[in-house]
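coords.cif, holding mmCIF, C-alpha atoms:
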```cif
data_start
loop_
_atom_site.label_atom_id
_atom_site.label_comp_id
_atom_site.auth_asym_id
_atom_site.auth_seq_id
_atom_site.Cartn_x
_atom_site.Cartn_y
_atom_site.Cartn_z
CA MET A 1 -14.47 54.38 33.82
CA ASN A 2 -11.51 53.43 35.95
CA THR A 3 -11.49 49.62 35.71
CA THR A 4 -8.89 49.14 38.44
CA ALA A 5 -11.04 51.08 40.88
CA ILE A 6 -14.15 49.10 39.97
CA LYS A 7 -12.27 45.82 40.37
CA GLU A 8 -11.11 46.81 43.83
CA LEU A 9 -14.69 47.54 44.84
CA LEU A 10 -16.03 44.30 43.34
CA TYR A 11 -13.33 42.19 44.96
CA LYS A 12 -13.99 43.41 48.47
CA MET A 13 -17.74 42.96 48.14
CA ALA A 14 -17.50 39.53 46.53
CA ASP A 15 -15.01 38.37 49.16
CA ASP A 16 -17.15 39.63 52.04
CA LEU A 17 -20.10 37.68 50.63
CA LEU A 18 -18.13 34.51 49.96
CA ILE A 19 -16.53 34.39 53.40
CA ILE A 20 -19.65 35.31 55.40
CA GLY A 21 -21.53 32.83 53.22
CA HIS A 22 -19.09 30.12 54.21
CA ARG A 23 -19.40 31.04 57.89
CA ASN A 24 -23.21 30.97 57.60
CA SER A 25 -23.02 27.51 56.05
CA GLU A 26 -21.18 26.27 59.13
CA TRP A 27 -24.52 26.44 60.97
CA THR A 28 -26.04 23.90 58.59
CA GLY A 29 -26.97 20.91 60.72
CA LEU A 30 -26.04 22.73 63.93
CA GLY A 31 -28.60 25.54 64.20
CA PRO A 32 -30.28 25.77 67.63
CA ILE A 33 -33.74 25.08 66.13
CA LEU A 34 -34.74 23.81 62.72
CA GLU A 35 -35.99 27.17 61.43
CA GLU A 36 -32.71 28.82 62.35
CA ASP A 37 -30.68 26.06 60.76
CA ILE A 38 -32.67 26.67 57.57
CA ALA A 39 -32.33 30.45 57.88
CA PHE A 40 -28.53 30.42 58.10
CA SER A 41 -28.28 27.77 55.40
CA SER A 42 -30.53 29.85 53.10
CA MET A 43 -28.55 32.99 53.76
CA ALA A 44 -25.35 31.07 52.99
CA GLN A 45 -26.81 30.01 49.67
CA ASP A 46 -27.92 33.56 48.86
CA LYS A 47 -24.57 35.07 49.75
CA ILE A 48 -22.46 32.57 47.87
CA GLY A 49 -24.73 33.02 44.84
CA GLN A 50 -24.41 36.78 45.12
CA SER A 51 -20.62 36.52 45.39
CA GLN A 52 -20.64 34.41 42.25
CA ALA A 53 -22.56 37.13 40.39
CA LEU A 54 -19.90 39.67 41.44
CA PHE A 55 -17.03 37.33 40.51
CA GLN A 56 -18.76 36.99 37.14
CA LEU A 57 -18.61 40.79 36.72
CA LEU A 58 -14.91 40.61 37.56
CA HIS A 59 -14.49 37.88 34.98
CA GLU A 60 -16.11 40.16 32.40
CA LEU A 61 -13.47 42.74 33.34
CA GLY A 62 -10.69 40.27 32.56
CA GLU A 63 -10.23 38.39 35.84
CA GLN A 64 -10.25 34.59 35.93
CA GLU A 65 -13.32 32.33 36.13
CA PRO A 66 -15.44 32.71 39.30
CA ASP A 67 -14.52 29.24 40.63
CA THR A 68 -10.83 29.81 40.04
CA VAL A 69 -10.90 33.16 41.81
CA ALA A 70 -12.99 31.83 44.70
CA PHE A 71 -11.06 28.64 45.36
CA THR A 72 -7.43 29.04 44.31
CA ARG A 73 -6.31 32.17 46.12
CA ASN A 74 -4.56 32.11 49.47
CA ALA A 75 -5.77 34.08 52.48
CA LYS A 76 -3.51 37.10 51.78
CA GLN A 77 -5.19 37.56 48.40
CA PHE A 78 -8.64 38.00 49.94
CA HIS A 79 -10.06 41.49 50.39
CA ASN A 80 -12.84 40.75 52.84
CA ALA A 81 -13.13 42.70 56.08
CA GLN A 82 -11.76 40.82 59.11
CA PHE A 83 -15.24 40.93 60.61
CA VAL A 84 -16.66 38.26 58.30
CA GLU A 85 -13.82 35.78 58.82
CA LEU A 86 -14.13 35.63 62.62
CA PRO A 87 -15.40 32.25 63.84
CA ASN A 88 -19.14 31.91 64.40
CA GLY A 89 -18.72 31.73 68.16
CA ASP A 90 -21.93 31.24 70.08
CA TYR A 91 -25.28 31.92 68.46
CA ASP A 92 -25.42 35.38 70.05
CA PHE A 93 -22.27 36.46 68.21
CA SER A 94 -23.44 34.94 64.92
CA LEU A 95 -26.74 36.81 65.18
CA MET A 96 -25.09 40.09 66.11
CA ARG A 97 -22.62 39.84 63.24
CA HIS A 98 -25.47 38.89 60.92
CA PHE A 99 -27.37 42.04 61.98
CA LEU A 100 -24.44 44.46 61.74
CA TYR A 101 -23.16 43.01 58.48
CA ASP A 102 -26.45 42.55 56.67
CA VAL A 103 -27.80 46.02 57.39
CA ALA A 104 -24.55 47.42 55.97
CA ASP A 105 -24.64 45.17 52.92
CA GLN A 106 -28.29 45.80 52.18
CA LEU A 107 -27.59 49.56 52.26
CA ARG A 108 -24.48 49.11 50.13
CA PHE A 109 -26.45 47.38 47.39
CA GLU A 110 -29.26 49.91 47.65
CA MET A 111 -26.69 52.65 47.04
CA LEU A 112 -25.10 50.68 44.20
CA ALA A 113 -28.46 50.25 42.48
CA ASN A 114 -27.81 53.82 41.25
CA SER A 115 -24.18 53.20 40.30
CA SER A 116 -22.87 54.76 37.11
CA TYR A 117 -21.30 51.37 36.37
CA GLU A 118 -24.39 49.79 34.84
CA PRO A 119 -23.41 46.08 35.05
CA LEU A 120 -23.00 46.48 38.81
CA ALA A 121 -26.16 48.57 39.15
CA LYS A 122 -28.18 45.78 37.51
CA VAL A 123 -26.88 43.10 39.86
CA ALA A 124 -27.30 45.43 42.85
CA ARG A 125 -30.98 46.05 42.04
CA LYS A 126 -31.52 42.32 42.26
CA ILE A 127 -29.44 41.66 45.37
CA LYS A 128 -30.83 44.51 47.46
CA GLY A 129 -34.29 42.91 47.41
CA GLU A 130 -32.92 39.54 48.48
CA LEU A 131 -30.98 41.02 51.37
CA LYS A 132 -34.16 42.57 52.73
CA TYR A 133 -35.06 39.12 54.05
CA HIS A 134 -31.70 38.77 55.75
CA VAL A 135 -32.29 42.07 57.50
CA PHE A 136 -35.85 41.07 58.51
CA HIS A 137 -34.49 37.92 60.07
CA ALA A 138 -31.70 39.75 61.91
CA ASN A 139 -33.97 42.52 63.22
CA THR A 140 -36.45 40.03 64.64
CA TRP A 141 -33.83 38.18 66.67
CA ILE A 142 -31.91 41.24 67.84
CA VAL A 143 -35.08 42.81 69.24
CA LYS A 144 -36.41 39.52 70.63
CA LEU A 145 -33.23 38.46 72.42
CA GLY A 146 -32.11 41.95 73.41
CA SER A 147 -35.21 42.31 75.55
CA ALA A 148 -36.13 38.72 76.49
CA ASN A 149 -34.44 38.01 79.83
CA GLU A 150 -31.33 38.94 81.77
CA GLU A 151 -29.18 36.23 80.27
CA SER A 152 -30.17 36.87 76.66
CA LYS A 153 -29.75 40.62 77.11
CA ALA A 154 -26.29 40.20 78.65
CA ARG A 155 -25.25 37.83 75.89
CA MET A 156 -26.43 40.15 73.12
CA GLN A 157 -24.74 43.14 74.75
CA ASN A 158 -21.46 41.22 75.03
CA ALA A 159 -21.77 40.11 71.44
CA LEU A 160 -22.30 43.72 70.36
CA ASN A 161 -19.26 44.86 72.35
CA ASP A 162 -17.10 42.10 70.85
CA ALA A 163 -18.33 42.68 67.30
CA TRP A 164 -18.30 46.45 67.24
CA ASN A 165 -14.76 47.41 66.23
CA TYR A 166 -14.67 44.63 63.67
CA ALA A 167 -17.99 45.84 62.26
CA LEU A 168 -16.51 49.32 61.85
CA GLY A 169 -13.75 47.66 59.82
CA LEU A 170 -16.32 47.01 57.08
CA PHE A 171 -16.05 50.67 56.13
CA GLU A 172 -12.30 50.71 55.47
CA GLU A 173 -11.65 52.98 52.52
CA GLY A 174 -9.69 51.70 49.56
CA GLU A 175 -6.97 53.30 47.48
CA TYR A 176 -9.48 54.35 44.80
CA GLU A 177 -12.19 55.72 47.07
CA THR A 178 -12.16 59.25 45.65
CA ILE A 179 -12.20 57.99 42.06
CA LEU A 180 -15.19 55.73 42.76
CA ILE A 181 -17.02 58.67 44.29
CA SER A 182 -16.14 61.20 41.59
CA GLU A 183 -17.09 58.80 38.80
CA GLY A 184 -20.41 58.05 40.47
CA VAL A 185 -19.69 54.33 40.88
CA PHE A 186 -20.25 54.34 44.64
CA THR A 187 -20.96 57.15 47.08
CA GLY A 188 -18.29 55.86 49.43
CA GLU A 189 -17.62 54.05 52.69
CA ALA A 190 -18.04 57.13 54.88
CA ASP A 191 -21.49 57.75 53.45
CA LEU A 192 -22.37 54.09 53.93
CA GLN A 193 -21.20 54.07 57.56
CA HIS A 194 -23.23 57.19 58.26
CA ARG A 195 -26.42 55.64 56.84
CA TRP A 196 -25.70 52.35 58.61
CA LEU A 197 -25.50 54.05 62.00
CA GLU A 198 -28.82 55.73 61.33
CA ILE A 199 -30.47 52.38 60.67
CA ILE A 200 -28.92 50.19 63.35
CA THR A 201 -29.22 52.66 66.22
CA PRO A 202 -33.05 52.64 66.55
CA THR A 203 -33.15 48.82 66.29
CA LEU A 204 -30.49 48.46 68.99
CA THR A 205 -32.38 50.95 71.15
CA LYS A 206 -35.57 48.95 70.68
CA ALA A 207 -33.58 45.88 71.73
CA THR A 208 -32.44 47.85 74.84
CA LEU A 209 -28.81 47.39 73.83
CA THR A 210 -26.17 50.10 74.10
CA LEU A 211 -23.58 51.05 71.50
CA PRO A 212 -20.00 51.15 72.79
CA HIS A 213 -18.94 54.69 73.67
CA GLU A 214 -17.56 56.61 70.72
CA ASN A 215 -14.19 57.13 72.47
CA ALA A 216 -13.69 53.38 72.35
CA TRP A 217 -14.33 53.01 68.62
CA GLU A 218 -11.21 51.50 67.03
CA PRO A 219 -12.07 50.08 63.62
CA LYS A 220 -10.27 46.84 62.76
CA PHE A 221 -8.88 47.75 59.38
CA GLY A 222 -6.53 45.81 57.14
CA GLY A 223 -8.79 43.21 55.60
CA ARG A 224 -9.19 45.15 52.37
CA LEU A 225 -5.38 45.09 51.98
CA GLY A 226 -5.04 41.37 52.63
CA ILE A 227 -4.17 41.65 56.31
CA HIS A 228 -6.23 39.04 58.10
CA THR A 229 -6.71 37.33 61.43
CA GLU A 230 -5.43 33.82 62.14
CA TYR A 231 -8.93 32.52 61.31
CA LEU A 232 -8.95 33.10 57.56
CA ASP A 233 -6.24 30.58 56.60
CA PRO A 234 -8.05 27.51 57.94
CA LEU A 235 -11.35 28.80 56.52
CA VAL A 236 -9.90 29.13 53.02
CA ASP A 237 -8.30 25.67 53.30
CA GLU A 238 -11.58 24.10 54.24
CA MET A 239 -13.62 26.04 51.69
CA SER A 240 -11.40 25.05 48.78
CA GLU A 241 -10.71 21.48 49.88
CA VAL A 242 -13.13 19.79 47.48
CA PHE A 243 -12.22 22.06 44.56
CA ARG A 244 -8.52 21.27 44.97
CA VAL A 245 -9.12 17.52 44.75
CA ASP A 246 -9.91 17.99 41.05
CA PRO A 247 -9.85 21.60 39.82
CA ASN A 248 -11.02 20.57 36.34
CA ALA A 249 -14.02 18.55 37.46
CA GLU A 250 -17.32 19.36 35.75
CA TRP A 251 -20.04 19.86 38.36
CA MET B 1 -41.09 29.77 9.95
CA ILE B 2 -42.03 29.26 13.59
CA THR B 3 -43.46 32.35 15.27
CA GLU B 4 -42.51 33.93 18.56
CA GLN B 5 -45.97 33.12 19.89
CA GLU B 6 -45.56 29.44 19.08
CA ILE B 7 -42.29 29.41 21.01
CA TRP B 8 -43.96 31.00 24.06
CA GLN B 9 -46.72 28.39 23.86
CA GLY B 10 -44.21 25.57 23.50
CA LEU B 11 -42.29 26.80 26.54
CA GLU B 12 -45.41 26.57 28.68
CA LEU B 13 -44.65 22.87 28.96
CA VAL B 14 -41.35 23.55 30.73
CA LYS B 15 -42.06 23.39 34.46
CA ASP B 16 -40.20 24.78 37.43
CA PRO B 17 -38.06 21.88 38.75
CA GLU B 18 -39.03 22.73 42.35
CA ILE B 19 -42.74 23.45 41.76
CA PRO B 20 -43.92 20.98 39.11
CA THR B 21 -47.35 22.63 38.70
CA LEU B 22 -45.83 25.92 37.59
CA SER B 23 -44.40 26.68 34.14
CA MET B 24 -41.34 28.87 33.71
CA VAL B 25 -43.42 31.17 31.53
CA ASP B 26 -46.01 31.68 34.30
CA MET B 27 -43.20 32.11 36.77
CA GLY B 28 -42.10 35.14 34.75
CA ILE B 29 -38.46 34.11 34.47
CA ILE B 30 -38.39 33.95 30.68
CA THR B 31 -37.90 37.56 29.71
CA LYS B 32 -37.35 37.46 25.96
CA VAL B 33 -37.95 35.17 23.00
CA GLU B 34 -36.56 36.03 19.57
CA VAL B 35 -36.88 34.09 16.35
CA ARG B 36 -33.62 34.79 14.57
CA GLY B 37 -34.27 33.13 11.26
CA GLU B 38 -35.16 29.70 9.97
CA SER B 39 -34.79 27.31 12.90
CA SER B 40 -32.82 29.65 15.13
CA VAL B 41 -34.17 30.91 18.44
CA PHE B 42 -32.77 33.09 21.19
CA VAL B 43 -34.21 33.00 24.71
CA GLU B 44 -33.35 35.25 27.64
CA MET B 45 -34.01 34.15 31.23
CA THR B 46 -33.47 35.66 34.66
CA PRO B 47 -33.28 33.83 38.02
CA THR B 48 -35.80 34.35 40.81
CA PHE B 49 -32.88 34.59 43.23
CA THR B 50 -29.22 35.33 42.39
CA GLY B 51 -28.19 32.18 44.24
CA CYS B 52 -30.82 29.94 42.63
CA PRO B 53 -29.03 26.62 42.10
CA ALA B 54 -31.55 25.49 39.45
CA ILE B 55 -30.84 28.15 36.83
CA LYS B 56 -28.31 26.14 34.79
CA MET B 57 -30.65 23.18 34.83
CA MET B 58 -33.55 25.39 33.71
CA GLU B 59 -31.49 26.80 30.83
CA GLY B 60 -30.93 23.22 29.74
CA MET B 61 -34.62 22.36 30.04
CA VAL B 62 -35.58 25.32 27.86
CA ALA B 63 -32.98 24.37 25.26
CA ASP B 64 -34.16 20.74 25.25
CA ARG B 65 -37.77 21.78 24.77
CA LEU B 66 -36.88 24.03 21.83
CA LYS B 67 -34.92 21.23 20.19
CA GLU B 68 -37.91 18.96 20.70
CA MET B 69 -39.93 21.56 18.78
CA GLY B 70 -37.52 21.18 15.89
CA ILE B 71 -35.38 24.26 16.47
CA ILE B 72 -31.79 23.54 15.45
CA HIS B 73 -29.92 26.60 16.67
CA VAL B 74 -30.86 27.40 20.23
CA GLU B 75 -29.26 30.03 22.40
CA VAL B 76 -30.38 30.48 26.03
CA VAL B 77 -28.75 33.12 28.21
CA THR B 78 -29.32 34.24 31.79
CA THR B 79 -29.06 37.97 32.54
CA PHE B 80 -30.05 40.51 35.16
CA ASP B 81 -31.12 43.03 32.50
CA LYS B 82 -34.75 42.68 33.47
CA PRO B 83 -34.54 41.30 36.98
CA TRP B 84 -37.31 39.04 38.24
CA ASP B 85 -39.69 40.24 40.88
CA SER B 86 -42.70 38.43 42.29
CA ASN B 87 -45.21 40.70 40.50
CA LYS B 88 -44.02 39.02 37.29
CA LEU B 89 -45.89 35.82 38.16
CA THR B 90 -48.94 35.51 35.88
CA GLU B 91 -52.47 35.07 37.24
CA ARG B 92 -52.31 31.44 36.19
CA GLY B 93 -48.95 31.18 37.94
CA LEU B 94 -50.47 32.43 41.21
CA MET B 95 -53.25 29.83 40.91
CA CYS B 96 -50.70 27.07 40.27
CA LEU B 97 -48.83 27.99 43.44
CA LYS B 98 -52.02 27.83 45.49
CA LYS B 99 -52.92 24.46 43.99
CA HIS B 100 -49.47 23.25 45.03
CA GLY B 101 -50.25 24.32 48.63
CA LEU B 102 -48.03 27.40 48.52
CA ALA B 103 -49.40 30.81 49.50
CA PRO B 104 -48.90 33.07 46.44
CA PRO B 105 -46.87 36.25 47.00
CA VAL B 106 -48.88 39.38 47.76
CA LYS B 107 -48.62 42.03 45.06
CA HIS B 108 -46.18 44.70 46.18
CA SER B 109 -45.75 48.27 45.09
CA GLY B 110 -41.97 48.39 44.95
CA GLU B 111 -41.43 47.83 48.66
CA VAL B 112 -41.52 44.64 50.76
CA THR B 113 -42.05 44.99 54.50
CA MET B 114 -42.38 42.53 57.38
CA GLU B 115 -46.03 43.58 57.74
CA LEU B 116 -46.69 42.41 54.19
CA LEU B 117 -45.66 38.89 55.21
CA GLU B 118 -47.15 38.79 58.68
CA HIS B 119 -50.72 37.80 57.76
CA THR B 120 -50.22 35.82 54.59
CA GLU B 121 -53.45 34.14 53.47
CA CYS B 122 -53.52 30.42 54.31
CA PRO B 123 -53.61 28.42 51.05
CA PHE B 124 -55.67 25.67 52.75
CA CYS B 125 -58.51 27.55 54.47
CA GLY B 126 -58.15 31.12 53.22
CA SER B 127 -57.78 32.59 56.72
CA LYS B 128 -55.61 35.63 57.32
CA ASN B 129 -55.27 34.79 60.99
CA THR B 130 -51.76 33.50 60.34
CA GLU B 131 -48.24 34.28 61.44
CA MET B 132 -44.86 34.10 59.77
CA LYS B 133 -42.54 31.60 61.45
CA SER B 134 -39.47 32.34 59.37
CA PRO B 135 -38.64 34.43 56.30
CA PHE B 136 -36.67 31.39 55.08
CA GLY B 137 -37.90 28.01 53.93
CA PRO B 138 -36.95 24.88 52.00
CA THR B 139 -35.94 26.92 48.95
CA LEU B 140 -34.73 30.52 48.68
CA CYS B 141 -38.06 31.71 47.29
CA ARG B 142 -40.20 30.39 50.17
CA SER B 143 -41.06 31.48 53.72
CA MET B 144 -42.71 29.48 56.52
CA HIS B 145 -46.04 30.34 58.15
CA TYR B 146 -48.62 28.96 60.55
CA CYS B 147 -52.40 29.23 60.34
CA ASN B 148 -54.10 29.86 63.70
CA ASP B 149 -57.49 28.82 62.29
CA CYS B 150 -56.88 25.49 60.55
CA LEU B 151 -53.78 24.86 62.69
CA GLN B 152 -51.62 23.96 59.70
CA ALA B 153 -48.08 24.97 58.93
CA PHE B 154 -47.77 26.22 55.36
CA GLU B 155 -45.21 27.71 53.03
CA GLY B 156 -45.47 30.95 51.13
CA PHE B 157 -43.80 32.17 47.97
CA LYS B 158 -41.96 35.32 49.02
CA PRO B 159 -42.85 38.70 47.59
CA VAL B 160 -39.62 40.07 46.14
CA VAL B 161 -38.97 43.49 44.62
#
```
How would this structure read if it were set down as structure tokens?
Amino acid sequence: MNTTAIKELLYKMADDLLIIGHRNSEWTGLGPILEEDIAFSSMAQDKIGQSQALFQLLHELGEQEPDTVAFTRNAKQFHNAQFVELPNGDYDFSLMRHFLYDVADQLRFEMLANSSYEPLAKVARKIKGELKYHVFHANTWIVKLGSANEESKARMQNALNDAWNYALGLFEEGEYETILISEGVFTGEADLQHRWLEIITPTLTKATLTLPHENAWEPKFGGRLGIHTEYLDPLVDEMSEVFRVDPNAEW
Amino acid sequence: MITEQEIWQGLELVKDPEIPTLSMVDMGIITKVEVRGESSVFVEMTPTFTGCPAIKMMEGMVADRLKEMGIIHVEVVTTFDKPWDSNKLTERGLMCLKKHGLAPPVKHSGEVTMELLEHTECPFCGSKNTEMKSPFGPTLCRSMHYCNDCLQAFEGFKPVV
């Protein structure tokens, strides 16, 4: 097994989960209704827990402790897609990102449940079931708001247009893509994107929303290489603020 | 020497910190017990949810209970080797949930769908004329529902594969 390739894969997944988890947690106390506040807070808890499980796998491959990795790196050392670091915006954007991201992640873990790298396959079998609930939640709101009234439809369509190219950035291939595929660790980003489109398209159609025209698809790549938007720096500062007060504290 | 069965019985006194009527054994999160010699026991656990914040605390509770039983060398580890799913709850576990006012998870056959959750049986009046309000609740393992017959909001324990 090519450990470097596996680490690259684990880092990008763990970072996606940690950063989107942090963004989700920003709705705690601010959700538009109580149930939604609880939903985003629960998803935050799930995602941060899932990222911890992946950081633990990295630790077993020789990387530092999960807390150290999560809270002592600077923005350039993160491998998350730019999509997950974007600010929450209005609730429409948060819901649309939640839908596009979670369908992709749920599929990713479903695919990884058959990974030849058994430690990852085990964790993936667990996580894929948990993410089902995130997808249920997202589907309900996308369909409900996409077809509720003129304003909600317009807002969801705008959110989709704004999110789209960033969402495509989730499928940025890494340096070790072909090795991961040939060793049976992961069937690859292109395969994932293909399956993702097959799943999201009928839901968006049901929500009477329209995908941006294919000519206008310009994936926002770079995140996997540490190239980020201006929004990641302040996020990382805030996320690690408490840890940095006393890195050796026992919690 | 203490037997494996005695350990399982002893662990029945360790309750879920969030649902005090339910033991960890009935919850199905203790996946292995091994007596490794005179006064040495190994226990394997697995969390209900990856992000469950109570798992460290539960490891400690299991270790404390074993020490109370006179075991000197106790090792408790958490793994995903045999991941938890809601079918692992024992019959007694399902009853305990209901007694606590939580709708027990429906048995699944490897797949969880929205439909499975839509008409969860009300733990108060037994009606299936209910609707799911949110797939999320006060803890990761619960969802929120409403009963159209007894007009009560209730929580359900989520079916998980």
Explicit residue set for the PyMOL selection byres ((chain A) within 8 of (chain B)), as a VMD selection string: chain A and resid 35 38 to 39 42 45 to 50 53 122 to 123 125 to 127 129 to 130 132 to 133 136 to 137
Gap from atom CA of Gly21 of chain A to atom CA of Leu117 of chain B - Å, one decimal: 25.0 Å
Who sits within 7 Å of Cys147 of chain B, all atoms listed in the file, same chain under 6 positions skipped, as a ChimeraX atom specification: /B:122,129-131,153
Quick one: write out the picked residues with C-alpha atoms as a compact mmCIF listing (two decimals), in the frame of the given file?
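Written out: part_30.txt:
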```
# COMPACT_ATOMS: atom_id res chain seq x y z
CA CYS B 122 -53.52 30.42 54.31
CA ASN B 129 -55.27 34.79 60.99
CA THR B 130 -51.76 33.50 60.34
CA GLU B 131 -48.24 34.28 61.44
CA ALA B 153 -48.08 24.97 58.93
```
Hits from the PyMOL selection byres ((chain A and resi 73-81) around 10), listed as a PyMOL selection string: chain A and resi 8-20+68-72+82-86+166-172+220-237+240
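Put simply, atom CA of Thr208 of chain A is 19.4 Å away from atom CA of Tyr101 of chain A.
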Exercise: Lys32 of chain B partners within 10 Å, all atoms listed in the file, chain neighbours under 6 positions left out, as a PyMOL selection string: chain B and resi 4+8+42-46+76-77+82
Take the selection from the previous step and output its residues with C-alpha atoms, as a compact mmCIF listing (two decimals), in the frame of the given file.
```
# COMPACT_ATOMS: atom_id res chain seq x y z
CA GLU B 4 -42.51 33.93 18.56
CA TRP B 8 -43.96 31.00 24.06
CA PHE B 42 -32.77 33.09 21.19
CA VAL B 43 -34.21 33.00 24.71
CA GLU B 44 -33.35 35.25 27.64
CA MET B 45 -34.01 34.15 31.23
CA THR B 46 -33.47 35.66 34.66
CA VAL B 76 -30.38 30.48 26.03
CA VAL B 77 -28.75 33.12 28.21
CA LYS B 82 -34.75 42.68 33.47
```
Spatial neighbours of Ser147 of chain A, max dist 9 Å, all atoms listed in the file, sep filter under 2 positions, as a PyMOL selection string: chain A and resi 142-145+149-150+152-153+206-209
Expected file contents, prior selection, C-alpha atoms, as a tab-separated table (two decimals), in the frame of the given file:
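To be explicit, this is the file written out as out_24.tsv:
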```tsv
chain	number	residue	atom	x	y	z
A	142	ILE	CA	-31.91	41.24	67.84
A	143	VAL	CA	-35.08	42.81	69.24
A	144	LYS	CA	-36.41	39.52	70.63
A	145	LEU	CA	-33.23	38.46	72.42
A	149	ASN	CA	-34.44	38.01	79.83
A	150	GLU	CA	-31.33	38.94	81.77
A	152	SER	CA	-30.17	36.87	76.66
A	153	LYS	CA	-29.75	40.62	77.11
A	206	LYS	CA	-35.57	48.95	70.68
A	207	ALA	CA	-33.58	45.88	71.73
A	208	THR	CA	-32.44	47.85	74.84
A	209	LEU	CA	-28.81	47.39	73.83
```
Selected residue, from A:Leu100, A:Met43, A:Ile6, A:Val245, that lies nearest to Thr201 of chain A when counting only C-alpha atoms: A:Leu100
